[in-house]
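Here is the structure we will look at, set down as structure tokens.
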Amino acid sequence: RSNIPIKSEISNNKLSCMYCNARSIVNKREELDLYLREQNIDIIGITETWLNESISDSEMGIEGYSLFRKDRKSVNKKRGGGVLFYIKDYLNVVMVEDYVGDSYHQESLIYKIDCSGTKTLLGIICRPPDSNDSLDENLYNLINHISKENCIVMGDFNFSELKWDNLNTITEQHKFVKCL
């Protein structure tokens, strides 16, 4: 088993997806490569990649997968953040330009995949724990827009007040729960 903290796994007959929060993928890339080959995962979304411009795509590449990444760009935070997808080369993937920009969430990637004739939006989102109301509104805006289509959304949303294993903390008054 991988010691990468796996948070969720989704699979069906046509497509297998996995999500994890890596807390720096650089020193875990070889282990991830092995895990992907053993488990035959089609798509993996990773948050907290901690990648930056000094780390090239070729260093992070995994044979048979296309790498799509968005590193954290912050003046205040030099470490942490970032999202990426590894998507099997045979899948037809197109970036959705409509969801790029300041009106949507900064640490997110949205792609459209065509799997056996079914078009699905695929998103990976990382909400920093210290997000402000403005960034949260951008997050809700993004989720509301992509959820109008067939979609798979993975991510780390960092609402510490929501304890998903304690349903008493999940109230419809919470803006994130309401958005979902």
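Chain identifiers are assigned as A, B, and so on, following the order in which chains appear in the structure tokens; residues are numbered from 1 within each chain, and ligands are numbered from 1 in order of appearance.
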
Those of chain A in DSSP helix (DSSP H, G or I), formatted as a PyMOL selection string
chain A and resi 26-39+57-60+97-99+133-146+167-169+175-179

Let me see the file: selected residues, N, CA and C atoms, as a short mmCIF file (atom, residue, chain, number, x, y, z; two decimals), in the first residue's frame.
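Below you can see result_12.cif, which holds the result:
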data_model
loop_
_atom_site.label_atom_id
_atom_site.label_comp_id
_atom_site.auth_asym_id
_atom_site.auth_seq_id
_atom_site.Cartn_x
_atom_site.Cartn_y
_atom_site.Cartn_z
N VAL A 26 6.79 15.84 -4.63
CA VAL A 26 8.13 15.64 -5.19
C VAL A 26 8.79 14.36 -4.68
N ASN A 27 8.82 14.17 -3.39
CA ASN A 27 9.50 12.99 -2.85
C ASN A 27 8.63 11.74 -2.85
N LYS A 28 7.41 11.84 -3.40
CA LYS A 28 6.49 10.70 -3.45
C LYS A 28 6.19 10.27 -4.88
N ARG A 29 6.81 10.91 -5.86
CA ARG A 29 6.47 10.66 -7.26
C ARG A 29 6.73 9.22 -7.68
N GLU A 30 7.86 8.64 -7.28
CA GLU A 30 8.16 7.27 -7.67
C GLU A 30 7.17 6.29 -7.04
N GLU A 31 6.82 6.52 -5.80
CA GLU A 31 5.83 5.67 -5.13
C GLU A 31 4.47 5.80 -5.81
N LEU A 32 4.11 7.03 -6.18
CA LEU A 32 2.86 7.27 -6.88
C LEU A 32 2.86 6.54 -8.23
N ASP A 33 3.96 6.60 -8.95
CA ASP A 33 4.10 5.91 -10.23
C ASP A 33 3.82 4.41 -10.04
N LEU A 34 4.42 3.80 -9.06
CA LEU A 34 4.22 2.39 -8.78
C LEU A 34 2.76 2.10 -8.43
N TYR A 35 2.18 2.91 -7.59
CA TYR A 35 0.79 2.72 -7.18
C TYR A 35 -0.16 2.80 -8.37
N LEU A 36 0.06 3.80 -9.24
CA LEU A 36 -0.81 3.96 -10.42
C LEU A 36 -0.72 2.74 -11.33
N ARG A 37 0.45 2.20 -11.47
CA ARG A 37 0.62 1.01 -12.33
C ARG A 37 -0.02 -0.23 -11.70
N GLU A 38 0.13 -0.39 -10.40
CA GLU A 38 -0.46 -1.55 -9.71
C GLU A 38 -1.98 -1.50 -9.72
N GLN A 39 -2.54 -0.31 -9.53
CA GLN A 39 -3.99 -0.15 -9.40
C GLN A 39 -4.69 0.19 -10.71
N ASP A 57 7.95 19.99 -15.48
CA ASP A 57 6.99 18.93 -15.77
C ASP A 57 7.72 17.61 -16.04
N SER A 58 8.88 17.68 -16.70
CA SER A 58 9.60 16.45 -17.02
C SER A 58 10.06 15.72 -15.75
N GLU A 59 10.35 16.46 -14.69
CA GLU A 59 10.73 15.84 -13.41
C GLU A 59 9.56 15.11 -12.77
N MET A 60 8.36 15.61 -13.02
CA MET A 60 7.17 15.08 -12.37
C MET A 60 6.38 14.12 -13.23
N GLU A 97 -11.46 26.66 -20.78
CA GLU A 97 -11.00 28.04 -20.57
C GLU A 97 -12.03 28.89 -19.83
N ASP A 98 -13.31 28.51 -19.90
CA ASP A 98 -14.36 29.29 -19.24
C ASP A 98 -14.16 29.41 -17.74
N TYR A 99 -13.43 28.49 -17.15
CA TYR A 99 -13.28 28.46 -15.70
C TYR A 99 -11.89 28.89 -15.24
N ASP A 133 -13.71 35.53 2.64
CA ASP A 133 -15.06 35.46 2.08
C ASP A 133 -15.06 35.63 0.57
N SER A 134 -14.21 36.48 0.05
CA SER A 134 -14.15 36.71 -1.39
C SER A 134 -13.68 35.46 -2.14
N LEU A 135 -12.63 34.81 -1.64
CA LEU A 135 -12.15 33.57 -2.26
C LEU A 135 -13.20 32.47 -2.14
N ASP A 136 -13.89 32.41 -1.01
CA ASP A 136 -14.94 31.41 -0.84
C ASP A 136 -16.08 31.63 -1.83
N GLU A 137 -16.45 32.88 -2.07
CA GLU A 137 -17.50 33.17 -3.06
C GLU A 137 -17.06 32.72 -4.45
N ASN A 138 -15.78 32.90 -4.77
CA ASN A 138 -15.26 32.41 -6.05
C ASN A 138 -15.37 30.88 -6.12
N LEU A 139 -15.08 30.20 -5.02
CA LEU A 139 -15.19 28.75 -4.96
C LEU A 139 -16.64 28.33 -5.20
N TYR A 140 -17.58 28.94 -4.51
CA TYR A 140 -19.00 28.60 -4.67
C TYR A 140 -19.45 28.88 -6.11
N ASN A 141 -18.98 29.98 -6.67
CA ASN A 141 -19.31 30.35 -8.04
C ASN A 141 -18.83 29.26 -9.01
N LEU A 142 -17.60 28.80 -8.82
CA LEU A 142 -17.04 27.76 -9.67
C LEU A 142 -17.85 26.47 -9.55
N ILE A 143 -18.11 26.02 -8.34
CA ILE A 143 -18.87 24.78 -8.13
C ILE A 143 -20.26 24.89 -8.73
N ASN A 144 -20.92 26.02 -8.53
CA ASN A 144 -22.26 26.21 -9.09
C ASN A 144 -22.26 26.13 -10.61
N HIS A 145 -21.24 26.68 -11.24
CA HIS A 145 -21.18 26.65 -12.70
C HIS A 145 -20.88 25.25 -13.24
N ILE A 146 -19.89 24.58 -12.68
CA ILE A 146 -19.53 23.27 -13.25
C ILE A 146 -20.55 22.20 -12.91
N LEU A 167 -22.17 14.05 11.55
CA LEU A 167 -23.24 14.72 10.80
C LEU A 167 -23.84 15.92 11.54
N ASN A 168 -23.66 16.00 12.83
CA ASN A 168 -24.17 17.16 13.58
C ASN A 168 -23.49 18.46 13.16
N THR A 169 -22.29 18.37 12.61
CA THR A 169 -21.57 19.58 12.18
C THR A 169 -21.94 20.00 10.76
N LYS A 175 -22.43 27.80 4.16
CA LYS A 175 -22.43 28.18 2.75
C LYS A 175 -21.89 27.09 1.83
N PHE A 176 -20.87 26.37 2.27
CA PHE A 176 -20.29 25.32 1.44
C PHE A 176 -21.30 24.18 1.29
N VAL A 177 -21.92 23.77 2.37
CA VAL A 177 -22.93 22.71 2.32
C VAL A 177 -24.09 23.14 1.44
N LYS A 178 -24.51 24.37 1.58
CA LYS A 178 -25.59 24.90 0.75
C LYS A 178 -25.19 24.87 -0.73
N CYS A 179 -23.97 25.21 -1.01
CA CYS A 179 -23.46 25.19 -2.39
C CYS A 179 -23.50 23.78 -2.96
#

I'd like a table as CSV: residues in stretch 50-93 of chain A with an atom no more than 8 Å from stretch 111-122 of chain A, each row giving the shortest atom pair and its distance in Å to one decimal, only C-alpha atoms counted, sorted by chain and rising residue number.
residue,atom,partner,partner_atom,distance
A:Leu91,CA,A:Cys115,CA,6.8
A:Asn92,CA,A:Asp114,CA,5.5
A:Val93,CA,A:Ile113,CA,4.6

Would you list the contacts of stretch 41-49 of chain A as a VMD selection string, taking every protein, DNA or RNA residue within 7 Å and counting only C-alpha atoms, but skipping same-chain residues closer than 2 positions in sequence?
chain A and resid 15 to 25 36 39 51 80 to 88 124 126 154 to 156

Please produce a file of the residues just selected, as a short mmCIF file (atom, residue, chain, number, x, y, z; two decimals), in the first residue's frame, where the atoms kept are N, CA, C and O atoms.
data_model
loop_
_atom_site.label_atom_id
_atom_site.label_comp_id
_atom_site.auth_asym_id
_atom_site.auth_seq_id
_atom_site.Cartn_x
_atom_site.Cartn_y
_atom_site.Cartn_z
N LEU A 15 -14.23 4.22 -15.86
CA LEU A 15 -13.21 5.17 -15.49
C LEU A 15 -12.89 5.03 -14.01
O LEU A 15 -13.79 5.00 -13.18
N SER A 16 -11.61 4.95 -13.67
CA SER A 16 -11.24 4.90 -12.26
C SER A 16 -10.50 6.19 -11.91
O SER A 16 -9.60 6.61 -12.61
N CYS A 17 -10.94 6.80 -10.83
CA CYS A 17 -10.38 8.08 -10.38
C CYS A 17 -9.94 7.95 -8.93
O CYS A 17 -10.53 7.20 -8.16
N MET A 18 -8.92 8.70 -8.60
CA MET A 18 -8.40 8.71 -7.23
C MET A 18 -8.01 10.13 -6.88
O MET A 18 -7.57 10.90 -7.75
N TYR A 19 -8.17 10.47 -5.64
CA TYR A 19 -7.77 11.78 -5.14
C TYR A 19 -6.85 11.59 -3.93
O TYR A 19 -7.05 10.68 -3.12
N CYS A 20 -5.87 12.48 -3.78
CA CYS A 20 -5.09 12.50 -2.55
C CYS A 20 -4.53 13.89 -2.29
O CYS A 20 -4.38 14.70 -3.21
N ASN A 21 -4.28 14.16 -1.04
CA ASN A 21 -3.59 15.36 -0.60
C ASN A 21 -2.16 14.90 -0.32
O ASN A 21 -1.93 14.12 0.59
N ALA A 22 -1.21 15.39 -1.12
CA ALA A 22 0.15 14.85 -1.07
C ALA A 22 1.04 15.51 -0.03
O ALA A 22 2.00 14.89 0.43
N ARG A 23 0.78 16.75 0.33
CA ARG A 23 1.70 17.50 1.19
C ARG A 23 3.14 17.37 0.67
O ARG A 23 4.02 16.92 1.38
N SER A 24 3.28 17.68 -0.59
CA SER A 24 4.51 17.66 -1.37
C SER A 24 4.63 16.34 -2.13
O SER A 24 4.91 15.29 -1.55
N ILE A 25 4.42 16.43 -3.42
CA ILE A 25 4.45 15.25 -4.27
C ILE A 25 5.87 14.90 -4.73
O ILE A 25 6.13 13.77 -5.15
N LEU A 36 0.06 3.80 -9.24
CA LEU A 36 -0.81 3.96 -10.42
C LEU A 36 -0.72 2.74 -11.33
O LEU A 36 -1.72 2.30 -11.89
N GLN A 39 -2.54 -0.31 -9.53
CA GLN A 39 -3.99 -0.15 -9.40
C GLN A 39 -4.69 0.19 -10.71
O GLN A 39 -5.92 0.23 -10.76
N LEU A 51 4.41 22.19 -5.63
CA LEU A 51 5.29 22.42 -6.77
C LEU A 51 5.43 23.91 -7.02
O LEU A 51 4.59 24.71 -6.63
N GLY A 80 3.63 25.33 -0.18
CA GLY A 80 2.31 24.72 -0.06
C GLY A 80 1.46 24.93 -1.30
O GLY A 80 1.90 25.46 -2.31
N GLY A 81 0.22 24.45 -1.20
CA GLY A 81 -0.75 24.63 -2.26
C GLY A 81 -0.42 23.88 -3.53
O GLY A 81 0.45 23.03 -3.58
N GLY A 82 -1.17 24.21 -4.54
CA GLY A 82 -0.99 23.63 -5.86
C GLY A 82 -1.87 22.42 -6.08
O GLY A 82 -2.19 21.68 -5.14
N VAL A 83 -2.31 22.27 -7.33
CA VAL A 83 -3.14 21.13 -7.72
C VAL A 83 -2.60 20.54 -9.02
O VAL A 83 -1.93 21.23 -9.79
N LEU A 84 -2.89 19.26 -9.23
CA LEU A 84 -2.50 18.65 -10.51
C LEU A 84 -3.37 17.45 -10.79
O LEU A 84 -4.02 16.89 -9.91
N PHE A 85 -3.39 17.09 -12.06
CA PHE A 85 -3.99 15.85 -12.53
C PHE A 85 -2.92 15.05 -13.26
O PHE A 85 -2.11 15.61 -13.99
N TYR A 86 -2.94 13.74 -13.06
CA TYR A 86 -2.30 12.79 -13.97
C TYR A 86 -3.47 12.08 -14.64
O TYR A 86 -4.32 11.48 -13.96
N ILE A 87 -3.52 12.16 -15.97
CA ILE A 87 -4.62 11.57 -16.72
C ILE A 87 -4.03 10.66 -17.79
O ILE A 87 -3.15 11.08 -18.55
N LYS A 88 -4.52 9.44 -17.86
CA LYS A 88 -4.02 8.48 -18.85
C LYS A 88 -4.02 9.10 -20.23
O LYS A 88 -4.96 9.79 -20.62
N ILE A 124 -10.28 19.64 -10.04
CA ILE A 124 -9.51 19.47 -8.81
C ILE A 124 -9.39 20.86 -8.18
O ILE A 124 -9.04 21.82 -8.86
N CYS A 126 -8.31 23.13 -4.53
CA CYS A 126 -7.73 23.22 -3.19
C CYS A 126 -8.09 24.59 -2.60
O CYS A 126 -7.71 25.62 -3.14
N MET A 154 -12.98 16.85 -7.30
CA MET A 154 -12.16 16.32 -6.22
C MET A 154 -11.50 17.50 -5.52
O MET A 154 -11.32 18.54 -6.14
N GLY A 155 -11.12 17.33 -4.28
CA GLY A 155 -10.37 18.40 -3.68
C GLY A 155 -10.29 18.38 -2.18
O GLY A 155 -10.82 17.52 -1.50
N ASP A 156 -9.60 19.40 -1.71
CA ASP A 156 -9.40 19.64 -0.29
C ASP A 156 -10.00 21.01 -0.01
O ASP A 156 -9.49 22.02 -0.47
#

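Computed from the coordinates, the atom CA of A:Tyr65 to atom CA of A:Tyr90 distance equals 8.4 Å.
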
May I ask which of the residues A:Val94, A:Ile125, A:Ser54, A:Asp130 is the closest one to A:Asn76, counting only C-alpha atoms?
A:Asp130

Return as a ChimeraX atom specification the full set of residues in chain A whose backbone-based DSSP assignment is strand (DSSP E).
/A:6-11,16-21,43-47,65-70,83-88,92-95,108-115,118-126,151-156

Nearest-residue call for A:Ile55, choices A:Lys14, A:Ser108, A:Lys148, A:Asp71, using only C-alpha atoms
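Answer, going by the shortest atom-to-atom distance: A:Asp71.
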
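Separating atom CA of A:Asn132 from atom CA of A:Asp165 is a distance of 24.8 Å.
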
Point out the residue among A:Ser147, A:Asp89, A:Arg72, A:Gly123 with the least atom-to-atom distance to A:Glu107, counting only C-alpha atoms.
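Closest to A:Glu107, using only C-alpha atoms: A:Arg72.
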